[in-house]
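Trainee: This is the content of run_7.tsv (TSV, C-alpha atoms):
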```tsv
chain	number	residue	atom	x	y	z
A	30	MET	CA	0.00	0.00	0.00
A	31	ALA	CA	1.28	3.46	-0.89
A	32	MET	CA	2.22	5.81	1.92
A	33	LEU	CA	0.64	8.70	-0.01
A	34	LYS	CA	-3.16	8.87	0.00
A	35	LEU	CA	-5.18	11.37	-1.98
A	36	HIS	CA	-8.82	12.07	-1.21
A	37	ASP	CA	-9.84	12.72	-4.76
A	38	LEU	CA	-12.49	13.67	-7.29
A	39	GLU	CA	-11.70	12.57	-10.84
A	40	LEU	CA	-13.31	15.61	-12.49
A	41	SER	CA	-11.59	18.16	-10.22
A	42	GLY	CA	-8.69	19.96	-11.82
A	43	ASN	CA	-7.32	20.69	-8.36
A	44	CYS	CA	-7.22	16.97	-7.54
A	45	TYR	CA	-5.81	16.20	-10.98
A	46	LYS	CA	-2.83	18.51	-10.51
A	47	VAL	CA	-1.82	16.48	-7.44
A	48	ARG	CA	-2.24	13.19	-9.30
A	49	LEU	CA	-0.23	14.62	-12.19
A	50	LEU	CA	2.72	15.76	-10.08
A	51	CYS	CA	2.82	12.40	-8.29
A	52	ALA	CA	2.89	10.66	-11.68
A	53	LEU	CA	5.69	12.92	-12.96
A	54	LEU	CA	7.66	12.31	-9.75
A	55	GLY	CA	7.09	8.54	-10.04
A	56	LEU	CA	5.36	8.43	-6.65
A	57	ASP	CA	2.99	5.64	-5.75
A	58	LEU	CA	-0.37	7.12	-4.75
A	59	ASP	CA	-3.50	5.64	-3.22
A	60	VAL	CA	-6.36	7.50	-4.88
A	61	ILE	CA	-9.45	7.45	-2.65
A	62	PRO	CA	-12.57	8.68	-4.47
A	63	VAL	CA	-14.70	11.09	-2.42
A	64	ASP	CA	-18.49	10.96	-2.80
A	65	PHE	CA	-18.67	14.65	-3.68
A	66	MET	CA	-22.35	14.64	-4.67
A	67	ALA	CA	-23.21	13.26	-1.22
A	68	GLY	CA	-21.10	15.99	0.38
A	69	ALA	CA	-18.63	13.57	1.95
A	70	HIS	CA	-16.00	16.33	2.01
A	71	LYS	CA	-18.25	18.34	4.36
A	72	LYS	CA	-18.64	15.46	6.83
A	73	SER	CA	-16.51	13.41	9.19
A	74	PRO	CA	-13.89	12.04	8.68
A	75	LEU	CA	-12.85	14.42	5.86
A	76	ILE	CA	-14.00	17.61	7.61
A	77	ASP	CA	-11.81	16.61	10.58
A	78	MET	CA	-8.80	16.38	8.27
A	79	ASN	CA	-9.65	19.61	6.46
A	80	PRO	CA	-11.94	22.07	8.26
A	81	PHE	CA	-12.33	23.98	4.98
A	82	GLY	CA	-14.48	21.08	3.75
A	83	GLU	CA	-12.71	20.85	0.41
A	84	ILE	CA	-10.70	18.38	-1.62
A	85	PRO	CA	-7.99	17.45	-2.46
A	86	VAL	CA	-6.66	16.32	0.90
A	87	LEU	CA	-3.31	14.53	0.95
A	88	GLU	CA	-2.13	12.14	3.64
A	89	ASP	CA	1.55	11.20	3.86
A	90	GLY	CA	1.81	8.98	6.91
A	91	ASP	CA	0.72	11.18	9.82
A	92	ILE	CA	0.89	14.37	7.75
A	93	VAL	CA	-2.39	15.80	6.45
A	94	LEU	CA	-2.42	18.68	3.99
A	95	ARG	CA	-5.12	20.81	2.36
A	96	ASP	CA	-5.11	23.17	-0.68
A	97	SER	CA	-3.90	21.86	-4.01
A	98	GLN	CA	-1.19	24.49	-4.41
A	99	ALA	CA	0.18	23.83	-0.91
A	100	ILE	CA	0.15	20.10	-1.63
A	101	LEU	CA	2.23	20.71	-4.78
A	102	VAL	CA	4.70	22.69	-2.64
A	103	TYR	CA	4.92	19.82	-0.18
A	104	LEU	CA	5.48	17.15	-2.83
A	105	ALA	CA	8.04	19.31	-4.66
A	106	ARG	CA	10.03	20.06	-1.51
A	107	LYS	CA	9.91	16.52	-0.16
A	108	TYR	CA	10.29	14.45	-3.31
A	109	GLY	CA	11.38	16.82	-6.09
A	110	GLY	CA	14.80	18.17	-5.13
A	111	GLU	CA	15.49	21.64	-6.54
A	112	THR	CA	13.71	21.02	-9.83
A	113	TRP	CA	10.02	21.54	-9.18
A	114	LEU	CA	10.30	24.27	-6.54
A	115	PRO	CA	13.75	25.88	-6.33
A	116	THR	CA	14.78	27.23	-2.91
A	117	ASP	CA	16.64	30.23	-4.36
A	118	ALA	CA	14.72	33.35	-3.26
A	119	VAL	CA	14.05	34.80	-6.73
A	120	ASP	CA	13.30	31.47	-8.38
A	121	MET	CA	10.93	30.45	-5.59
A	122	ALA	CA	9.13	33.81	-5.71
A	123	HIS	CA	8.57	33.45	-9.45
A	124	VAL	CA	7.07	29.98	-8.96
A	125	VAL	CA	4.87	31.24	-6.12
A	126	SER	CA	3.65	34.19	-8.19
A	127	TRP	CA	2.19	31.66	-10.66
A	128	LEU	CA	0.75	29.51	-7.87
A	129	MET	CA	-1.13	32.68	-6.91
A	130	VAL	CA	-2.41	33.01	-10.48
A	131	ALA	CA	-3.73	29.45	-10.20
A	132	GLU	CA	-5.46	30.31	-6.91
A	133	ASN	CA	-6.78	33.67	-8.11
A	134	GLU	CA	-7.25	34.51	-11.79
A	135	ILE	CA	-7.45	30.93	-13.10
A	136	ALA	CA	-9.81	29.89	-10.31
A	137	ARG	CA	-12.04	32.93	-10.83
A	138	GLY	CA	-11.78	32.77	-14.62
A	139	PRO	CA	-11.77	29.47	-16.52
A	140	ASN	CA	-12.50	27.36	-13.43
A	141	ASP	CA	-15.56	29.43	-12.42
A	142	ALA	CA	-16.82	29.40	-16.03
A	143	ARG	CA	-16.56	25.60	-16.06
A	144	LEU	CA	-18.28	25.30	-12.67
A	145	HIS	CA	-21.14	27.34	-14.15
A	146	ASP	CA	-21.46	25.60	-17.50
A	147	LYS	CA	-20.63	22.00	-16.57
A	148	PHE	CA	-21.86	21.75	-13.00
A	149	GLY	CA	-24.53	24.46	-12.79
A	150	PHE	CA	-22.97	26.53	-10.03
A	151	PRO	CA	-24.68	29.95	-9.57
A	152	ILE	CA	-21.72	32.02	-10.76
A	153	ASP	CA	-21.53	35.29	-12.72
A	154	VAL	CA	-20.27	33.60	-15.87
A	155	ASP	CA	-19.79	36.84	-17.82
A	156	LYS	CA	-17.39	38.09	-15.17
A	157	ALA	CA	-15.63	34.71	-15.14
A	158	ARG	CA	-15.16	34.92	-18.91
A	159	GLN	CA	-13.74	38.46	-18.63
A	160	ILE	CA	-11.25	37.28	-16.02
A	161	ALA	CA	-10.43	34.27	-18.21
A	162	ALA	CA	-9.77	36.42	-21.30
A	163	ARG	CA	-7.40	38.67	-19.34
A	164	ILE	CA	-5.39	35.87	-17.76
A	165	LEU	CA	-5.22	33.80	-20.95
A	166	GLY	CA	-3.75	36.83	-22.72
A	167	LEU	CA	-1.14	37.26	-19.98
A	168	LEU	CA	-0.31	33.54	-20.02
A	169	ASP	CA	0.01	33.47	-23.80
A	170	ALA	CA	2.30	36.52	-23.76
A	171	ARG	CA	4.54	34.89	-21.16
A	172	LEU	CA	4.57	31.56	-23.00
A	173	SER	CA	5.36	33.24	-26.32
A	174	GLN	CA	8.69	34.27	-24.78
A	175	ASN	CA	9.41	31.28	-22.54
A	176	ASP	CA	8.69	27.57	-22.70
A	177	TRP	CA	7.66	27.43	-19.03
A	178	LEU	CA	5.95	29.82	-16.63
A	179	ALA	CA	8.76	30.18	-14.09
A	180	GLY	CA	12.42	29.94	-15.07
A	181	ASP	CA	13.70	27.76	-17.91
A	182	HIS	CA	12.31	24.36	-16.97
A	183	VAL	CA	9.04	22.84	-15.82
A	184	THR	CA	8.03	23.60	-12.21
A	185	ILE	CA	4.93	23.28	-10.07
A	186	ALA	CA	3.91	26.67	-11.52
A	187	ASP	CA	3.07	24.86	-14.77
A	188	ILE	CA	1.37	21.98	-12.98
A	189	ALA	CA	-0.75	24.38	-10.91
A	190	CYS	CA	-1.85	26.57	-13.82
A	191	MET	CA	-2.38	24.11	-16.65
A	192	PRO	CA	-5.42	22.02	-15.62
A	193	TYR	CA	-8.19	24.63	-15.54
A	194	VAL	CA	-6.73	26.39	-18.58
A	195	ALA	CA	-6.85	23.09	-20.46
A	196	LEU	CA	-10.41	22.44	-19.24
A	197	GLY	CA	-11.64	25.92	-20.15
A	198	HIS	CA	-13.57	24.68	-23.18
A	199	GLU	CA	-15.96	23.03	-20.70
A	200	GLY	CA	-16.77	26.58	-19.61
A	201	GLY	CA	-17.08	27.93	-23.13
A	202	ILE	CA	-13.52	29.25	-23.25
A	203	SER	CA	-11.63	28.31	-26.39
A	204	LEU	CA	-7.84	28.24	-26.64
A	205	ASP	CA	-7.87	28.78	-30.42
A	206	ALA	CA	-6.56	32.35	-30.08
A	207	TYR	CA	-3.72	31.29	-27.79
A	208	PRO	CA	-1.15	29.25	-29.73
A	209	ALA	CA	1.57	29.63	-27.11
A	210	ILE	CA	-0.73	28.20	-24.43
A	211	CYS	CA	-1.60	25.24	-26.69
A	212	ALA	CA	2.09	24.56	-27.33
A	213	TRP	CA	2.80	24.72	-23.57
A	214	ILE	CA	0.05	22.19	-22.84
A	215	GLY	CA	1.69	20.02	-25.49
A	216	ARG	CA	5.07	20.30	-23.75
A	217	ILE	CA	3.50	19.25	-20.45
A	218	ARG	CA	1.76	16.34	-22.17
A	219	ALA	CA	5.15	15.20	-23.53
A	220	LEU	CA	6.77	14.97	-20.06
A	221	PRO	CA	7.80	11.43	-19.06
A	222	GLY	CA	5.13	9.93	-16.81
A	223	PHE	CA	2.39	12.39	-17.88
A	224	ILE	CA	-1.20	11.36	-17.16
A	225	ALA	CA	-4.34	13.07	-18.48
A	226	MET	CA	-7.82	13.60	-17.04
A	227	PRO	CA	-11.23	13.58	-18.76
A	228	ALA	CA	-11.77	16.43	-21.28
A	229	LEU	CA	-8.24	17.83	-21.00
A	230	HIS	CA	-7.24	19.89	-24.05
A	231	GLY	CA	-5.04	18.27	-26.68
A	232	GLU	CA	-4.32	14.77	-27.94
A	233	SER	CA	-5.47	12.04	-25.59
B	15	MET	CA	19.49	55.04	-1.02
B	16	ALA	CA	17.92	51.74	-0.16
B	17	MET	CA	18.43	48.85	-2.57
B	18	LEU	CA	14.81	47.78	-2.05
B	19	LYS	CA	12.16	49.87	-3.81
B	20	LEU	CA	8.44	49.36	-3.38
B	21	HIS	CA	5.93	50.80	-5.84
B	22	ASP	CA	3.26	51.43	-3.27
B	23	LEU	CA	-0.23	52.64	-2.42
B	24	GLU	CA	-0.68	53.61	1.23
B	25	LEU	CA	-4.29	52.40	1.46
B	26	SER	CA	-3.59	49.01	-0.16
B	27	GLY	CA	-3.40	46.13	2.28
B	28	ASN	CA	-1.34	44.20	-0.26
B	29	CYS	CA	1.28	46.98	-0.33
B	30	TYR	CA	1.10	47.31	3.45
B	31	LYS	CA	1.97	43.65	4.01
B	32	VAL	CA	5.23	44.19	2.10
B	33	ARG	CA	6.03	47.37	4.07
B	34	LEU	CA	5.24	45.50	7.30
B	35	LEU	CA	7.51	42.53	6.60
B	36	CYS	CA	10.36	44.87	5.62
B	37	ALA	CA	9.88	46.76	8.89
B	38	LEU	CA	9.85	43.53	10.92
B	39	LEU	CA	13.00	42.36	9.11
B	40	GLY	CA	14.67	45.74	9.71
B	41	LEU	CA	15.13	46.31	5.97
B	42	ASP	CA	15.56	49.78	4.54
B	43	LEU	CA	12.90	50.40	1.89
B	44	ASP	CA	12.35	53.18	-0.62
B	45	VAL	CA	8.58	53.59	-0.78
B	46	ILE	CA	7.54	55.08	-4.13
B	47	PRO	CA	3.89	56.22	-4.14
B	48	VAL	CA	1.98	55.21	-7.28
B	49	ASP	CA	-0.67	57.57	-8.65
B	50	PHE	CA	-3.34	54.90	-8.54
B	51	MET	CA	-6.27	57.20	-9.35
B	52	ALA	CA	-4.47	58.26	-12.54
B	53	GLY	CA	-3.89	54.59	-13.44
B	54	ALA	CA	-0.11	54.85	-13.30
B	55	HIS	CA	0.08	51.09	-12.59
B	56	LYS	CA	-1.54	50.43	-15.99
B	57	LYS	CA	1.01	52.56	-17.89
B	58	SER	CA	4.71	52.57	-18.65
B	59	PRO	CA	7.04	52.23	-16.80
B	60	LEU	CA	5.06	50.17	-14.23
B	61	ILE	CA	3.24	48.02	-16.79
B	62	ASP	CA	6.64	47.06	-18.23
B	63	MET	CA	7.75	45.87	-14.81
B	64	ASN	CA	4.46	44.07	-14.13
B	65	PRO	CA	2.31	43.15	-17.14
B	66	PHE	CA	-0.54	42.38	-14.73
B	67	GLY	CA	-0.87	46.15	-14.18
B	68	GLU	CA	-1.08	45.82	-10.40
B	69	ILE	CA	0.80	46.93	-7.32
B	70	PRO	CA	2.77	46.23	-5.21
B	71	VAL	CA	5.87	45.82	-7.37
B	72	LEU	CA	9.19	45.28	-5.61
B	73	GLU	CA	12.60	46.08	-7.06
B	74	ASP	CA	15.72	44.65	-5.43
B	75	GLY	CA	18.59	45.79	-7.65
B	76	ASP	CA	17.88	44.20	-11.02
B	77	ILE	CA	15.21	41.90	-9.64
B	78	VAL	CA	11.57	42.87	-10.22
B	79	LEU	CA	8.75	40.97	-8.52
B	80	ARG	CA	4.96	41.10	-8.66
B	81	ASP	CA	2.20	39.71	-6.37
B	82	SER	CA	2.26	40.58	-2.68
B	83	GLN	CA	2.36	36.97	-1.52
B	84	ALA	CA	5.26	36.14	-3.87
B	85	ILE	CA	7.11	39.25	-2.66
B	86	LEU	CA	6.71	38.04	0.93
B	87	VAL	CA	8.19	34.68	-0.12
B	88	TYR	CA	11.15	36.46	-1.72
B	89	LEU	CA	11.86	38.67	1.29
B	90	ALA	CA	11.49	35.77	3.71
B	91	ARG	CA	13.83	33.51	1.74
B	92	LYS	CA	16.44	36.19	1.05
B	93	TYR	CA	16.44	38.10	4.32
B	94	GLY	CA	14.53	36.03	6.89
B	95	GLY	CA	16.50	32.80	7.38
B	96	GLU	CA	14.30	29.86	8.38
B	97	THR	CA	11.94	31.91	10.54
B	98	TRP	CA	9.46	33.54	8.24
B	99	LEU	CA	9.26	30.77	5.61
B	100	PRO	CA	10.74	27.45	6.73
B	101	THR	CA	12.21	25.24	4.00
B	102	ASP	CA	11.05	21.99	5.63
B	103	ALA	CA	8.44	20.46	3.30
B	104	VAL	CA	5.57	20.23	5.79
B	105	ASP	CA	6.25	23.58	7.44
B	106	MET	CA	6.52	25.34	4.07
B	107	ALA	CA	3.31	23.72	2.83
B	108	HIS	CA	1.44	24.93	5.91
B	109	VAL	CA	2.66	28.49	5.35
B	110	VAL	CA	1.74	28.31	1.66
B	111	SER	CA	-1.74	26.99	2.46
B	112	TRP	CA	-2.38	30.26	4.36
B	113	LEU	CA	-0.83	32.38	1.60
B	114	MET	CA	-3.51	30.81	-0.60
B	115	VAL	CA	-6.19	31.84	1.90
B	116	ALA	CA	-4.87	35.41	1.62
B	117	GLU	CA	-5.04	35.20	-2.19
B	118	ASN	CA	-8.42	33.50	-2.28
B	119	GLU	CA	-10.91	33.66	0.61
B	120	ILE	CA	-9.56	36.84	2.24
B	121	ALA	CA	-9.27	38.62	-1.12
B	122	ARG	CA	-12.77	37.58	-2.16
B	123	GLY	CA	-14.25	38.15	1.31
B	124	PRO	CA	-13.16	41.08	3.51
B	125	ASN	CA	-11.03	42.70	0.80
B	126	ASP	CA	-13.82	42.67	-1.81
B	127	ALA	CA	-16.30	44.01	0.79
B	128	ARG	CA	-13.92	46.90	1.53
B	129	LEU	CA	-13.37	47.59	-2.17
B	130	HIS	CA	-17.14	47.86	-2.51
B	131	ASP	CA	-17.87	49.98	0.57
B	132	LYS	CA	-14.80	52.21	0.70
B	133	PHE	CA	-13.85	52.56	-2.95
B	134	GLY	CA	-17.14	51.94	-4.79
B	135	PHE	CA	-16.04	48.93	-6.81
B	136	PRO	CA	-18.97	47.12	-8.53
B	137	ILE	CA	-18.72	43.94	-6.47
B	138	ASP	CA	-21.39	41.53	-5.19
B	139	VAL	CA	-21.00	42.63	-1.58
B	140	ASP	CA	-23.45	40.10	-0.17
B	141	LYS	CA	-21.36	37.29	-1.60
B	142	ALA	CA	-18.19	38.94	-0.29
B	143	ARG	CA	-19.71	39.07	3.20
B	144	GLN	CA	-20.69	35.40	3.01
B	145	ILE	CA	-17.13	34.47	2.06
B	146	ALA	CA	-15.83	36.72	4.83
B	147	ALA	CA	-18.03	35.13	7.49
B	148	ARG	CA	-16.87	31.65	6.50
B	149	ILE	CA	-13.16	32.46	6.47
B	150	LEU	CA	-13.28	34.50	9.68
B	151	GLY	CA	-14.87	31.52	11.41
B	152	LEU	CA	-12.13	29.22	10.13
B	153	LEU	CA	-9.41	31.70	11.12
B	154	ASP	CA	-10.88	32.18	14.58
B	155	ALA	CA	-11.09	28.42	15.11
B	156	ARG	CA	-7.45	27.98	14.10
B	157	LEU	CA	-6.33	30.91	16.27
B	158	SER	CA	-8.29	29.64	19.26
B	159	GLN	CA	-5.96	26.64	19.26
B	160	ASN	CA	-2.71	28.25	18.10
B	161	ASP	CA	-1.10	31.65	18.51
B	162	TRP	CA	-0.04	31.78	14.84
B	163	LEU	CA	-1.50	30.48	11.59
B	164	ALA	CA	1.35	28.14	10.59
B	165	GLY	CA	3.51	26.38	13.13
B	166	ASP	CA	4.34	27.81	16.57
B	167	HIS	CA	5.82	31.18	15.64
B	168	VAL	CA	5.02	34.12	13.37
B	169	THR	CA	5.56	33.52	9.65
B	170	ILE	CA	4.61	35.26	6.42
B	171	ALA	CA	1.31	33.37	6.69
B	172	ASP	CA	0.31	35.82	9.44
B	173	ILE	CA	1.65	38.83	7.55
B	174	ALA	CA	-0.23	37.83	4.39
B	175	CYS	CA	-3.57	37.17	6.09
B	176	MET	CA	-3.77	39.90	8.73
B	177	PRO	CA	-4.13	43.17	6.77
B	178	TYR	CA	-7.49	42.70	5.03
B	179	VAL	CA	-8.92	40.92	8.07
B	180	ALA	CA	-7.93	43.92	10.21
B	181	LEU	CA	-9.39	46.32	7.61
B	182	GLY	CA	-12.67	44.40	7.30
B	183	HIS	CA	-14.61	47.01	9.28
B	184	GLU	CA	-14.14	49.32	6.27
B	185	GLY	CA	-16.25	46.77	4.38
B	186	GLY	CA	-18.84	46.46	7.12
B	187	ILE	CA	-17.29	43.34	8.63
B	188	SER	CA	-16.88	43.48	12.39
B	189	LEU	CA	-14.42	41.36	14.34
B	190	ASP	CA	-16.47	41.56	17.56
B	191	ALA	CA	-17.50	37.91	17.28
B	192	TYR	CA	-13.94	36.72	16.73
B	193	PRO	CA	-11.90	37.16	19.93
B	194	ALA	CA	-9.10	34.86	18.81
B	195	ILE	CA	-8.59	36.91	15.64
B	196	CYS	CA	-8.48	40.12	17.69
B	197	ALA	CA	-5.89	38.62	20.05
B	198	TRP	CA	-3.81	37.49	17.06
B	199	ILE	CA	-3.83	41.00	15.55
B	200	GLY	CA	-2.66	42.20	18.98
B	201	ARG	CA	0.22	39.72	18.94
B	202	ILE	CA	1.29	40.94	15.49
B	203	ARG	CA	1.03	44.55	16.67
B	204	ALA	CA	3.35	43.69	19.57
B	205	LEU	CA	6.15	42.39	17.33
B	206	PRO	CA	9.38	44.45	17.46
B	207	GLY	CA	9.46	46.84	14.52
B	208	PHE	CA	5.71	46.66	13.82
B	209	ILE	CA	4.21	49.46	11.73
B	210	ALA	CA	0.50	50.12	11.18
B	211	MET	CA	-1.50	51.51	8.25
B	212	PRO	CA	-4.56	53.78	8.21
B	213	ALA	CA	-7.72	52.22	9.74
B	214	LEU	CA	-6.04	48.99	10.86
B	215	HIS	CA	-7.96	47.25	13.67
B	216	GLY	CA	-6.76	47.68	17.24
B	217	GLU	CA	-4.86	50.25	19.25
B	218	SER	CA	-2.96	52.75	17.13
```
Is it possible to express this structure as structure tokens?

Mentor:
Amino acid sequence: MAMLKLHDLELSGNCYKVRLLCALLGLDLDVIPVDFMAGAHKKSPLIDMNPFGEIPVLEDGDIVLRDSQAILVYLARKYGGETWLPTDAVDMAHVVSWLMVAENEIARGPNDARLHDKFGFPIDVDKARQIAARILGLLDARLSQNDWLAGDHVTIADIACMPYVALGHEGGISLDAYPAICAWIGRIRALPGFIAMPALHGES
Amino acid sequence: MAMLKLHDLELSGNCYKVRLLCALLGLDLDVIPVDFMAGAHKKSPLIDMNPFGEIPVLEDGDIVLRDSQAILVYLARKYGGETWLPTDAVDMAHVVSWLMVAENEIARGPNDARLHDKFGFPIDVDKARQIAARILGLLDARLSQNDWLAGDHVTIADIACMPYVALGHEGGISLDAYPAICAWIGRIRALPGFIAMPALHGES
């Protein structure tokens, strides 16, 4: 049995980014499906592990962690050496600035649009699409100049930002106008150990 | 002249958190006021330093950084040793999980409510207050059991989360029901080198 356990929802991009990093790191992972529709994440025992009542939740032995971006930080620091999250001050700050984009603009843009269109959440979808258009433009500009979001190699910045961008079409947000983003998704897809999730943009 | 330059707005909690950490670290800082009302952050030269068109922006010699949480990470790593952002995987992940709360729930809750009430931004203030009530409850629960958000001493988690919580009354959000939050703000205020900003909760 794997030491790492992920309380997971297959269709969640936030859960997928944890599964993806574990796959890229070659880590064995017990994936435990959460009955999201029944609200299992809002009830014991999950609510005791994460009082925010959200998934993913990662267990590594006695360690319990919440928030997908924080879980990526943990896995990168513990199992990824200096590659996925460098400890140099500038390099780390650049990675973190993109983790914040995943938590802020990407969550409020393409993710919210998908929650509205695919899952029926009562969200202001016009505002979500405005936020999406702005952040996709900024991402495409960055990725027109650089292969990766932070520094010159893949980091958890890419893993954190890619999923909801690559699921945006489920919220009515096309990537046709963003060739650099499409090429970047392709580079991530080509990484050794890559795994996909349902509806992810690009070749399956 | 200080090596560190902050492109700043006095009334921004995101700029304040950078000023505060510099003060607590004893760092000399050139504070450069940005003409926010004139949109200087959306124009050259600031837009060239930060294509997101936002402040704060920090310059440290040739280094230019955006996003208040990422700037805290940079300052902590470069000037703060292991105290403000530990490099241990679990400890760092816990800090980052609270940086995400600052970027997500606190930004969309008390910060959005203040933007609506104090600055007239067209924001769904009822939703902002719902988000605020949820996150203040979670913060108060955490702080009823622990003096600090991450680990057993002050970190950038506290510096990132405190400002907009302590400015919430400017968005109609009282802290009267949250004694543990009030005590935590008091502990931060008591730190050597602490500086305040206009309207911050507690004794001035």

Trainee: Got a sec to pull out which chain A residues are within 10 Å of chain B, counting only C-alpha atoms, and send them as number ranges by chain?

Mentor: A: 80-81, 92-108, 116-134, 136-137, 153, 163-164, 167, 170-171

Trainee: May I ask for the distance between atom CA of B:Ala191 and atom CA of A:Ile76, given in Å to one decimal place?

Mentor: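 We find that atom CA of B:Ala191 and atom CA of A:Ile76 lie 22.8 Å from each other.
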
Trainee: List as a ChimeraX atom specification the protein and nucleic acid residues near B:Leu20, meaning an atom at most 10 Å away when only C-alpha atoms are counted, but skip any in the same chain fewer than 4 places from it.

Mentor: /B:29,32-33,43-48,69-74,78-79

Trainee: Which polymer residues have any atom within 10 Å of an atom of A:Arg158, counting only C-alpha atoms, with same-chain residues fewer than 5 positions away left out, as an mmCIF file with C-alpha atoms, in the frame of the given file?

Mentor:
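As written to disk, out_23.cif reads:
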```
data_model
loop_
_atom_site.group_PDB
_atom_site.id
_atom_site.type_symbol
_atom_site.label_atom_id
_atom_site.label_comp_id
_atom_site.auth_asym_id
_atom_site.auth_seq_id
_atom_site.Cartn_x
_atom_site.Cartn_y
_atom_site.Cartn_z
ATOM 1 C CA ARG A 137 -12.040 32.930 -10.830
ATOM 2 C CA GLY A 138 -11.780 32.770 -14.620
ATOM 3 C CA PRO A 139 -11.770 29.470 -16.520
ATOM 4 C CA ASN A 140 -12.500 27.360 -13.430
ATOM 5 C CA ASP A 141 -15.560 29.430 -12.420
ATOM 6 C CA ALA A 142 -16.820 29.400 -16.030
ATOM 7 C CA ARG A 143 -16.560 25.600 -16.060
ATOM 8 C CA ASP A 153 -21.530 35.290 -12.720
ATOM 9 C CA ARG A 163 -7.400 38.670 -19.340
ATOM 10 C CA ILE A 164 -5.390 35.870 -17.760
ATOM 11 C CA GLY A 197 -11.640 25.920 -20.150
ATOM 12 C CA GLY A 200 -16.770 26.580 -19.610
ATOM 13 C CA GLY A 201 -17.080 27.930 -23.130
ATOM 14 C CA ILE A 202 -13.520 29.250 -23.250
#
```

Trainee: Can you tell me, as a PyMOL selection string, what residues are no more than 12 Å from A:Pro227 when counting all atoms listed in the file, ignoring any on the same chain fewer than 3 positions away?

Mentor: chain A and resi 38-42+45+192-193+195-196+199+224+230-233

Trainee: If I take atom CA of A:Asn175 and atom CA of A:Leu49, how far is one from the other in Å, to one decimal?

Mentor: 21.9 Å

Trainee: Record the distance separating atom CA of A:Leu168 and atom CA of A:Ile210, expressed in Å with one decimal.

Mentor: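 These two atoms are separated by 6.9 Å.
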
Trainee: Counting all atoms listed in the file, which residue out of B:Ile173, B:Leu41, B:Val179, B:Leu163 sits closest to B:Cys196?

Mentor: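 Among the listed residues, the smallest separation from B:Cys196 belongs to B:Val179.
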
Trainee: Which one is closest to A:Asp181: A:Pro115, A:Leu229, A:Gly55, A:Lys156? Count all atoms listed in the file.

Mentor: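 Ranking A:Pro115, A:Leu229, A:Gly55, A:Lys156 by distance to A:Asp181, first place goes to A:Pro115.
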
Trainee: Since the input lacks atoms, please generate N, CA and C atoms for stretch 77-88 of chain B and provide them as a PDB file, in the frame of the given file.

Mentor:
```
ATOM      1  N   ILE B  77      16.338  42.834  -9.782  1.00  0.00           N
ATOM      2  CA  ILE B  77      15.210  41.900  -9.640  1.00  0.00           C
ATOM      3  C   ILE B  77      13.905  42.678  -9.523  1.00  0.00           C
ATOM      4  N   VAL B  78      12.895  42.247 -10.285  1.00  0.00           N
ATOM      5  CA  VAL B  78      11.570  42.870 -10.220  1.00  0.00           C
ATOM      6  C   VAL B  78      10.558  41.768  -9.928  1.00  0.00           C
ATOM      7  N   LEU B  79       9.717  41.993  -8.915  1.00  0.00           N
ATOM      8  CA  LEU B  79       8.750  40.970  -8.520  1.00  0.00           C
ATOM      9  C   LEU B  79       7.358  41.559  -8.384  1.00  0.00           C
ATOM     10  N   ARG B  80       6.362  40.756  -8.795  1.00  0.00           N
ATOM     11  CA  ARG B  80       4.960  41.100  -8.660  1.00  0.00           C
ATOM     12  C   ARG B  80       4.294  40.160  -7.650  1.00  0.00           C
ATOM     13  N   ASP B  81       3.069  40.497  -7.265  1.00  0.00           N
ATOM     14  CA  ASP B  81       2.200  39.710  -6.370  1.00  0.00           C
ATOM     15  C   ASP B  81       2.701  39.801  -4.932  1.00  0.00           C
ATOM     16  N   SER B  82       1.845  40.333  -4.076  1.00  0.00           N
ATOM     17  CA  SER B  82       2.260  40.580  -2.680  1.00  0.00           C
ATOM     18  C   SER B  82       2.694  39.302  -1.983  1.00  0.00           C
ATOM     19  N   GLN B  83       1.980  38.210  -2.210  1.00  0.00           N
ATOM     20  CA  GLN B  83       2.360  36.970  -1.520  1.00  0.00           C
ATOM     21  C   GLN B  83       3.737  36.470  -2.032  1.00  0.00           C
ATOM     22  N   ALA B  84       3.975  36.567  -3.321  1.00  0.00           N
ATOM     23  CA  ALA B  84       5.260  36.140  -3.870  1.00  0.00           C
ATOM     24  C   ALA B  84       6.390  37.042  -3.362  1.00  0.00           C
ATOM     25  N   ILE B  85       6.099  38.331  -3.193  1.00  0.00           N
ATOM     26  CA  ILE B  85       7.110  39.250  -2.660  1.00  0.00           C
ATOM     27  C   ILE B  85       7.441  38.873  -1.208  1.00  0.00           C
ATOM     28  N   LEU B  86       6.435  38.499  -0.437  1.00  0.00           N
ATOM     29  CA  LEU B  86       6.710  38.040   0.930  1.00  0.00           C
ATOM     30  C   LEU B  86       7.612  36.803   0.917  1.00  0.00           C
ATOM     31  N   VAL B  87       7.353  35.880   0.019  1.00  0.00           N
ATOM     32  CA  VAL B  87       8.190  34.680  -0.120  1.00  0.00           C
ATOM     33  C   VAL B  87       9.627  35.082  -0.422  1.00  0.00           C
ATOM     34  N   TYR B  88       9.794  35.999  -1.356  1.00  0.00           N
ATOM     35  CA  TYR B  88      11.150  36.460  -1.720  1.00  0.00           C
ATOM     36  C   TYR B  88      11.869  37.061  -0.521  1.00  0.00           C
TER      37      TYR B  88
END
```
